[in-house]
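Text of my_file.txt, listed as compact mmCIF, C-alpha atoms and all ligand atoms:
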```txt
# COMPACT_ATOMS: atom_id res chain seq x y z
CA MET B 1 0.00 0.00 0.00
CA GLN B 2 1.24 3.51 -0.83
CA PRO B 3 2.05 5.59 2.24
CA GLU B 4 -0.20 8.60 2.77
CA PHE B 5 1.95 10.93 4.83
CA ILE B 6 5.45 10.37 3.47
CA ILE B 7 6.94 10.38 -0.02
CA ILE B 8 9.87 8.15 -0.90
CA HIS B 9 12.23 9.36 -3.63
CA GLN B 10 14.67 6.72 -4.83
CA GLN B 11 18.17 7.47 -6.18
CA VAL B 12 18.18 11.24 -5.66
CA ALA B 13 21.94 10.74 -5.96
CA PRO B 14 23.82 7.47 -6.51
CA TYR B 15 22.80 5.10 -3.69
CA VAL B 16 20.88 7.85 -1.86
CA ALA B 17 17.16 7.69 -1.05
CA HIS B 18 15.08 10.57 0.27
CA ILE B 19 12.06 10.31 2.54
CA GLN B 20 9.91 13.42 2.75
CA LEU B 21 7.43 13.93 5.58
CA ASN B 22 4.26 15.06 3.88
CA ARG B 23 1.49 16.47 6.07
CA PRO B 24 2.14 20.08 5.06
CA LYS B 25 -1.15 21.56 6.36
CA GLU B 26 -0.38 20.23 9.85
CA LEU B 27 3.29 21.28 9.65
CA ASN B 28 4.18 17.59 9.42
CA ALA B 29 2.82 16.84 12.90
CA LEU B 30 3.86 13.29 13.64
CA ASN B 31 0.71 11.24 14.03
CA LEU B 32 0.81 7.50 14.61
CA GLN B 33 0.19 6.65 10.96
CA LEU B 34 3.01 8.87 9.72
CA MET B 35 5.45 7.37 12.22
CA GLY B 36 4.37 3.85 11.22
CA GLU B 37 4.90 4.69 7.55
CA LEU B 38 8.30 6.16 8.31
CA ARG B 39 9.32 3.08 10.29
CA ASP B 40 8.25 0.78 7.43
CA ALA B 41 10.00 2.89 4.78
CA LEU B 42 13.25 2.96 6.75
CA LYS B 43 13.11 -0.80 7.22
CA LEU B 44 12.72 -1.30 3.47
CA LEU B 45 15.49 1.13 2.56
CA ASP B 46 17.78 -0.37 5.21
CA ALA B 47 17.41 -3.75 3.47
CA ASP B 48 17.84 -2.36 -0.07
CA ASP B 49 21.33 -2.85 -1.58
CA GLN B 50 20.76 0.10 -3.88
CA VAL B 51 20.56 2.44 -0.89
CA ARG B 52 23.60 3.38 1.18
CA ALA B 53 22.46 6.61 2.84
CA ILE B 54 19.05 8.16 3.52
CA VAL B 55 17.94 11.79 3.64
CA LEU B 56 14.94 12.68 5.79
CA SER B 57 13.25 16.04 5.27
CA GLY B 58 10.05 17.93 5.70
CA ASN B 59 9.41 20.99 3.58
CA GLU B 60 10.62 24.58 3.66
CA LYS B 61 8.17 25.65 6.38
CA ALA B 62 8.50 22.68 8.71
CA PHE B 63 10.60 19.63 9.28
CA ALA B 64 7.97 18.61 11.85
CA ALA B 65 6.11 20.64 14.50
CA GLY B 66 6.04 17.74 16.94
CA ALA B 67 3.87 14.83 17.89
CA ASP B 68 0.25 15.31 16.84
CA ILE B 69 -1.26 17.27 19.73
CA LYS B 70 -4.83 16.74 18.46
CA GLN B 71 -4.29 12.97 18.49
CA MET B 72 -2.95 13.03 22.06
CA ALA B 73 -5.10 15.70 23.71
CA GLU B 74 -7.87 13.46 25.07
CA LYS B 75 -5.75 10.43 25.90
CA SER B 76 -5.37 9.02 29.39
CA ALA B 77 -2.09 7.75 30.81
CA ILE B 78 -3.32 4.19 30.24
CA ASP B 79 -4.23 5.00 26.61
CA MET B 80 -0.72 6.36 26.14
CA PHE B 81 0.80 3.30 27.78
CA ASN B 82 -1.29 0.92 25.65
CA THR B 83 -0.68 2.82 22.41
CA ASP B 84 3.05 2.71 23.14
CA GLN B 85 3.65 5.27 20.40
CA PHE B 86 7.38 5.35 20.96
CA SER B 87 7.93 1.70 20.05
CA THR B 88 8.10 2.85 16.40
CA TRP B 89 10.91 5.19 17.45
CA ASP B 90 12.81 2.23 18.92
CA THR B 91 12.64 0.49 15.54
CA ILE B 92 13.74 3.64 13.69
CA LYS B 93 16.70 3.89 16.04
CA LYS B 94 17.86 0.48 14.80
CA THR B 95 18.33 1.68 11.19
CA LYS B 96 21.87 0.66 10.26
CA LYS B 97 22.39 3.02 7.35
CA PRO B 98 23.12 6.67 8.07
CA ILE B 99 20.20 9.08 8.03
CA ILE B 100 20.86 12.74 7.23
CA ALA B 101 18.15 15.16 8.32
CA ALA B 102 17.45 18.11 6.04
CA VAL B 103 15.73 20.66 8.25
CA SER B 104 14.02 23.90 7.32
CA GLY B 105 11.47 25.81 9.39
CA PHE B 106 10.11 24.21 12.55
CA ALA B 107 11.76 21.23 14.23
CA LEU B 108 9.82 21.18 17.47
CA GLY B 109 9.03 18.65 20.16
CA GLY B 110 8.88 15.23 18.51
CA GLY B 111 10.15 16.92 15.33
CA CYS B 112 13.34 17.99 17.09
CA GLU B 113 13.55 14.55 18.68
CA LEU B 114 13.12 12.79 15.33
CA MET B 115 15.83 15.01 13.89
CA MET B 116 18.12 14.05 16.77
CA LEU B 117 17.55 10.36 15.95
CA CYS B 118 19.23 11.11 12.62
CA ASP B 119 23.00 10.89 12.29
CA MET B 120 23.79 14.26 10.75
CA ILE B 121 21.74 17.41 10.34
CA VAL B 122 21.84 20.03 7.60
CA ALA B 123 19.66 23.04 8.39
CA SER B 124 18.42 26.04 6.48
CA GLU B 125 18.92 29.54 7.93
CA THR B 126 15.20 29.58 8.72
CA ALA B 127 15.28 26.45 10.89
CA ARG B 128 13.98 26.77 14.46
CA PHE B 129 14.56 24.09 17.06
CA GLY B 130 12.69 23.65 20.30
CA GLN B 131 11.18 21.39 22.90
CA PRO B 132 7.96 23.31 23.68
CA GLU B 133 6.17 20.42 25.43
CA ILE B 134 6.43 22.28 28.74
CA LYS B 135 3.96 24.85 27.37
CA LEU B 136 1.45 22.03 26.86
CA GLY B 137 1.73 20.85 30.45
CA VAL B 138 3.95 17.90 29.61
CA MET B 139 7.62 17.31 28.80
CA PRO B 140 9.59 15.71 25.96
CA GLY B 141 8.84 12.01 25.62
CA ALA B 142 10.89 10.82 22.65
CA GLY B 143 14.42 11.56 23.78
CA GLY B 144 14.37 15.35 24.13
CA THR B 145 15.73 15.41 27.66
CA GLN B 146 18.44 12.87 26.84
CA ARG B 147 19.69 13.42 23.28
CA LEU B 148 19.40 17.21 23.44
CA THR B 149 21.36 17.30 26.70
CA ARG B 150 24.07 15.09 25.24
CA ALA B 151 24.24 17.26 22.12
CA VAL B 152 24.16 20.78 23.56
CA GLY B 153 25.01 20.32 27.25
CA LYS B 154 22.97 20.88 30.40
CA ALA B 155 22.69 24.68 30.39
CA LEU B 156 21.03 25.12 27.01
CA ALA B 157 19.06 21.86 27.18
CA MET B 158 17.61 22.83 30.54
CA GLU B 159 16.62 26.26 29.22
CA MET B 160 14.98 24.83 26.10
CA VAL B 161 13.15 22.08 27.96
CA LEU B 162 12.00 24.25 30.89
CA THR B 163 11.02 27.39 28.98
CA GLY B 164 10.17 25.99 25.54
CA ARG B 165 12.35 28.66 23.89
CA PHE B 166 13.13 28.03 20.23
CA ILE B 167 16.72 28.43 19.10
CA THR B 168 17.88 29.60 15.70
CA ALA B 169 19.95 27.62 13.22
CA GLN B 170 23.04 29.66 14.12
CA GLU B 171 22.55 28.96 17.83
CA ALA B 172 22.03 25.28 17.10
CA LEU B 173 25.22 25.20 15.04
CA GLN B 174 27.20 26.93 17.76
CA ALA B 175 25.81 24.54 20.37
CA GLY B 176 26.79 21.47 18.34
CA LEU B 177 23.24 20.30 17.66
CA ILE B 178 23.59 20.39 13.88
CA ASN B 179 26.31 19.96 11.26
CA ARG B 180 25.82 22.98 9.02
CA VAL B 181 23.58 25.89 8.07
CA VAL B 182 22.90 26.83 4.47
CA PRO B 183 20.58 29.25 2.63
CA VAL B 184 17.02 27.96 2.56
CA GLU B 185 17.05 27.16 -1.16
CA LEU B 186 19.99 24.82 -0.64
CA PHE B 187 19.08 22.82 2.48
CA LEU B 188 17.84 19.71 0.69
CA GLN B 189 20.51 19.82 -1.98
CA GLU B 190 23.26 20.11 0.67
CA ALA B 191 21.83 17.21 2.67
CA ILE B 192 21.71 15.06 -0.47
CA LYS B 193 25.29 16.06 -1.27
CA LEU B 194 26.42 15.05 2.23
CA ALA B 195 24.50 11.77 1.96
CA GLY B 196 26.17 11.22 -1.44
CA GLU B 197 29.61 11.62 0.12
CA VAL B 198 28.76 8.97 2.72
CA ALA B 199 27.21 6.72 0.06
CA ALA B 200 30.50 6.73 -1.85
CA MET B 201 32.25 5.07 1.11
CA ALA B 202 32.35 1.33 1.84
CA PRO B 203 28.81 0.47 3.00
CA LEU B 204 29.81 -2.10 5.62
CA ALA B 205 32.39 0.24 7.12
CA VAL B 206 29.81 3.04 7.18
CA LYS B 207 27.27 0.88 9.04
CA MET B 208 29.81 -0.39 11.55
CA ALA B 209 31.27 3.06 12.11
CA LYS B 210 27.78 4.48 12.72
CA GLU B 211 27.10 1.70 15.19
CA ALA B 212 30.36 2.41 17.02
CA VAL B 213 29.82 6.19 17.22
CA LEU B 214 26.32 5.64 18.64
CA LYS B 215 27.77 3.22 21.16
CA ALA B 216 29.65 6.16 22.68
CA PHE B 217 26.31 7.49 23.98
CA ASP B 218 25.44 4.54 26.13
CA THR B 219 28.55 2.82 27.32
CA THR B 220 31.78 3.38 29.24
CA LEU B 221 34.94 4.46 27.39
CA ASP B 222 36.53 1.04 27.93
CA GLU B 223 33.55 -0.88 26.59
CA GLY B 224 33.18 1.56 23.72
CA LEU B 225 36.82 1.15 22.74
CA HIS B 226 36.45 -2.62 22.93
CA PHE B 227 33.34 -2.44 20.69
CA GLU B 228 35.15 -0.16 18.23
CA ARG B 229 38.12 -2.52 18.02
CA LYS B 230 35.89 -5.55 17.28
CA ASN B 231 34.15 -3.70 14.44
CA PHE B 232 37.53 -2.52 13.11
CA TYR B 233 38.89 -6.08 13.07
CA LEU B 234 35.65 -7.43 11.57
CA LEU B 235 35.97 -5.10 8.57
CA PHE B 236 39.14 -6.97 7.59
CA ALA B 237 36.80 -9.82 6.62
CA SER B 238 35.26 -7.60 3.92
CA ALA B 239 36.23 -7.45 0.25
CA ASP B 240 35.85 -3.66 0.50
CA GLN B 241 38.76 -3.46 2.96
CA LYS B 242 41.00 -5.22 0.42
CA GLU B 243 39.68 -3.02 -2.38
CA GLY B 244 40.01 0.22 -0.34
CA MET B 245 43.61 -0.42 0.65
CA GLN B 246 44.60 -1.77 -2.79
CA ALA B 247 43.07 1.28 -4.49
CA PHE B 248 45.05 3.55 -2.14
CA MET B 249 48.30 1.84 -3.11
CA GLU B 250 47.41 1.94 -6.82
CA LYS B 251 46.42 5.62 -6.50
CA ARG B 252 42.91 5.05 -7.88
CA THR B 253 39.34 5.49 -6.64
CA PRO B 254 38.07 2.38 -4.86
CA ASP B 255 35.08 0.52 -6.23
CA PHE B 256 33.18 -0.52 -3.10
CA LYS B 257 30.62 -3.30 -3.40
CA GLY B 258 29.30 -3.54 0.13
CA GLN B 259 30.81 -6.98 0.68
N1 LIG B 301 0.09 18.72 16.36
C1 LIG B 301 -1.06 18.85 15.67
N2 LIG B 301 -1.29 19.89 14.83
C2 LIG B 301 -0.33 20.83 14.70
C3 LIG B 301 0.90 20.75 15.41
C4 LIG B 301 1.09 19.63 16.27
N3 LIG B 301 2.23 19.44 16.95
N4 LIG B 301 1.64 21.82 15.10
C5 LIG B 301 0.92 22.54 14.21
N5 LIG B 301 -0.28 21.96 13.97
C6 LIG B 301 -1.35 22.41 13.08
C7 LIG B 301 -2.11 23.58 13.70
O1 LIG B 301 -3.07 23.14 14.63
C8 LIG B 301 -2.71 24.20 12.48
O2 LIG B 301 -3.82 23.44 12.08
P1 LIG B 301 -5.26 24.19 11.78
O3 LIG B 301 -4.95 25.06 10.59
O4 LIG B 301 -6.18 23.05 11.50
O5 LIG B 301 -5.57 24.98 13.00
C9 LIG B 301 -1.63 23.99 11.40
O6 LIG B 301 -0.81 22.92 11.90
C10 LIG B 301 -0.75 25.22 11.19
O7 LIG B 301 -0.25 25.61 12.46
P2 LIG B 301 -0.38 27.12 13.04
O8 LIG B 301 -1.59 27.78 12.48
O9 LIG B 301 -0.27 27.06 14.51
O10 LIG B 301 0.92 27.77 12.37
P3 LIG B 301 1.80 28.97 12.92
O11 LIG B 301 2.76 29.29 11.82
O12 LIG B 301 0.94 30.06 13.43
O13 LIG B 301 2.59 28.39 14.18
C11 LIG B 301 3.91 26.72 15.36
C12 LIG B 301 3.55 27.38 14.00
C13 LIG B 301 4.65 27.73 16.24
C14 LIG B 301 4.85 25.58 15.02
C15 LIG B 301 2.65 26.24 16.07
O14 LIG B 301 1.87 25.49 15.17
C16 LIG B 301 2.93 25.38 17.27
O15 LIG B 301 3.27 25.88 18.33
N6 LIG B 301 2.77 24.04 17.11
C17 LIG B 301 2.92 23.10 18.21
C18 LIG B 301 4.38 22.86 18.55
C19 LIG B 301 4.47 21.93 19.73
O16 LIG B 301 4.04 22.22 20.82
N7 LIG B 301 5.11 20.75 19.52
C20 LIG B 301 5.25 19.73 20.57
C21 LIG B 301 4.18 18.69 20.44
S1 LIG B 301 4.16 17.53 21.79
C22 LIG B 301 5.42 16.44 21.45
O17 LIG B 301 6.07 16.51 20.43
C23 LIG B 301 5.67 15.36 22.47
C24 LIG B 301 6.89 14.53 22.25
O18 LIG B 301 7.90 14.73 22.90
C25 LIG B 301 6.86 13.41 21.32
```

Now, as a test, write the supplied structure out as structure tokens.
Ligand code: CAA
Amino acid sequence: MQPEFIIIHQQVAPYVAHIQLNRPKELNALNLQLMGELRDALKLLDADDQVRAIVLSGNEKAFAAGADIKQMAEKSAIDMFNTDQFSTWDTIKKTKKPIIAAVSGFALGGGCELMMLCDMIVASETARFGQPEIKLGVMPGAGGTQRLTRAVGKALAMEMVLTGRFITAQEALQAGLINRVVPVELFLQEAIKLAGEVAAMAPLAVKMAKEAVLKAFDTTLDEGLHFERKNFYLLFASADQKEGMQAFMEKRTPDFKGQ
């Protein structure tokens, strides 16, 4: 069945797929159906040999303005528990291929949290980031207190989470939340270009390197180093390691096959 709230664009650059959130009238508010469609699309692309990196965007006005408030407003705690809306997020987190967020306009609440689930973030000058849940009488529920704090540190995270203040793209760049800021007309193009650079690398090495970097967030230094070393050694079982090192010695561009 065709998804209703996302659009999948294949091969926007060699080995790069692009998923666009597409509920423009609602500023891409993340309802349950949209998140389910996104989870399914990422699973498919993660298993597709023709895809090596994924770009996730909204539109110029909004990446996503958060979880769908209208869908949550009347729910009880037990409804929320039973719906378990964040289990889709747990699956998305398991995506092995890198995801590059292309953000313009609002990235708020669940939108900011979804963006932080991505591996790199290219933002337009008009991007605004925030965790405004506090203004709704709640708090972030999809990683906002954890990933934001790890990315920007306690001082700014606390201010954003407790006051709901939005920060600009320049502030986000300075705080280390995002990778780069570009003029609005270029945000998608730049994200695709960055994804293309990653997609030109050895796919197995990319997946294992992503896994190892993410490990740094939830383990000790010793365990993280041990994990890194195992992945490093494991890559010597790949044909791409032989090809990459041979190509270096022959002064040519490697032809990586993902094996
Ligand atoms: N959920 C549902 N609908 C939303 C929405 C959301 N998060 N954000 C925007 N919309 C809808 C609006 O209700 C409006 O719909 P109608 O035309 O039917 O009224 C439409 O999108 C356009 O929005 P606005 O008219 O409000 O546009 P604006 O330009 O005046 O303001 C905005 C933009 C500042 C982003 C404002 O829409 C806003 O504050 N949105 C809510 C942001 C928010 O609080 N996000 C957190 C949600 S909770 C959460 O995400 C929990 C979590 O941790 C997972």

Residue among B:Ile178, B:Leu44, B:Val55, B:Leu30 lying closest to Ala123 in chain B, counting all atoms listed in the file: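 Once distances to Ala123 in chain B are computed over all atoms listed in the file, the minimum belongs to B:Ile178.
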
So, with all atoms listed in the file as the atoms that count, which of B:Lys135, B:His18, B:Lys210, B:Lys75 lies closest to ligand LIG 301 (chain B)? B:Lys135

For ligand LIG 301 (chain B), collect every residue having any atom at a distance of at most 10 Å from a ligand atom (counting only C-alpha atoms and all ligand atoms); output as number ranges by chain. B: 23-31, 61-62, 64-73, 85-86, 89, 105-114, 128, 130-145, 164, 166

Point-to-point distance in Å for CA of Ile19 in chain B and CA of Phe129 in chain B: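 Separation between CA of Phe129 in chain B and CA of Ile19 in chain B: 20.2 Å.
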
Within 10 Å of Leu188 in chain B using only C-alpha atoms, minus same-chain residues under 4 positions, as an MDAnalysis selection string: chainID B and resid 18 55:60 101:104 122:124 182 184 192:194

When distances are computed from all atoms listed in the file, which of B:Met115, B:Leu204, B:Leu221, B:Ala191 shows the smallest separation from Phe256 in chain B? B:Leu204

If we count all atoms listed in the file, what is near Lys97 in chain B at a cut-off of 12 Å, once residues fewer than 5 positions away on the same chain are taken out, given as a PyMOL selection string? chain B and resi 15-17+42-55+92+118-120+195+198-199+201-211+258

Counting all atoms listed in the file, which residue out of B:Thr163, B:Thr149, B:Thr95, B:Gln259 sits closest to Leu214 in chain B? B:Thr95

Report, in Å to a single decimal, how far apart CA of Asn82 in chain B and CA of Leu162 in chain B are.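 It comes out at 27.4 Å.
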
How many Å separate CA of Gln170 in chain B from CA of Leu148 in chain B?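 Spanning CA of Gln170 in chain B to CA of Leu148 in chain B is a straight-line distance of 16.0 Å.
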
Leaving out Phe217 in chain B and any residue of its chain fewer than 6 positions from it, which residues lie within 10 Å of it when counting all atoms listed in the file, given as a list in words? Gln146, Arg147, Arg150 and Gly224 of chain B

Could those selected residues go to a file with C-alpha atoms, as a PDB file, keeping the file's coordinate frame?
```pdb
ATOM      1  CA  GLN B 146      18.440  12.870  26.840  1.00  0.00           C
ATOM      2  CA  ARG B 147      19.690  13.420  23.280  1.00  0.00           C
ATOM      3  CA  ARG B 150      24.070  15.090  25.240  1.00  0.00           C
ATOM      4  CA  GLY B 224      33.180   1.560  23.720  1.00  0.00           C
TER       5      GLY B 224
END
```

List as a PDB file with C-alpha atoms, in the coordinates of the input the protein and nucleic acid residues near Glu171 in chain B, meaning an atom at most 12 Å away when only C-alpha atoms are counted, but skip any in the same chain fewer than 2 places from it.
```pdb
ATOM      1  CA  ALA B 123      19.660  23.040   8.390  1.00  0.00           C
ATOM      2  CA  GLU B 125      18.920  29.540   7.930  1.00  0.00           C
ATOM      3  CA  THR B 126      15.200  29.580   8.720  1.00  0.00           C
ATOM      4  CA  ALA B 127      15.280  26.450  10.890  1.00  0.00           C
ATOM      5  CA  ARG B 128      13.980  26.770  14.460  1.00  0.00           C
ATOM      6  CA  PHE B 129      14.560  24.090  17.060  1.00  0.00           C
ATOM      7  CA  GLY B 130      12.690  23.650  20.300  1.00  0.00           C
ATOM      8  CA  VAL B 152      24.160  20.780  23.560  1.00  0.00           C
ATOM      9  CA  LEU B 156      21.030  25.120  27.010  1.00  0.00           C
ATOM     10  CA  MET B 160      14.980  24.830  26.100  1.00  0.00           C
ATOM     11  CA  ARG B 165      12.350  28.660  23.890  1.00  0.00           C
ATOM     12  CA  PHE B 166      13.130  28.030  20.230  1.00  0.00           C
ATOM     13  CA  ILE B 167      16.720  28.430  19.100  1.00  0.00           C
ATOM     14  CA  THR B 168      17.880  29.600  15.700  1.00  0.00           C
ATOM     15  CA  ALA B 169      19.950  27.620  13.220  1.00  0.00           C
ATOM     16  CA  LEU B 173      25.220  25.200  15.040  1.00  0.00           C
ATOM     17  CA  GLN B 174      27.200  26.930  17.760  1.00  0.00           C
ATOM     18  CA  ALA B 175      25.810  24.540  20.370  1.00  0.00           C
ATOM     19  CA  GLY B 176      26.790  21.470  18.340  1.00  0.00           C
ATOM     20  CA  LEU B 177      23.240  20.300  17.660  1.00  0.00           C
ATOM     21  CA  ILE B 178      23.590  20.390  13.880  1.00  0.00           C
ATOM     22  CA  ASN B 179      26.310  19.960  11.260  1.00  0.00           C
ATOM     23  CA  ARG B 180      25.820  22.980   9.020  1.00  0.00           C
ATOM     24  CA  VAL B 181      23.580  25.890   8.070  1.00  0.00           C
TER      25      VAL B 181
END
```

Find the residues near Met245 in chain B: any atom within 12 Å, counting only C-alpha atoms, skip ones fewer than 5 places away on the same chain, and give them as a VMD selection string. chain B and resid 202 235 to 236 238 to 240 250 to 256
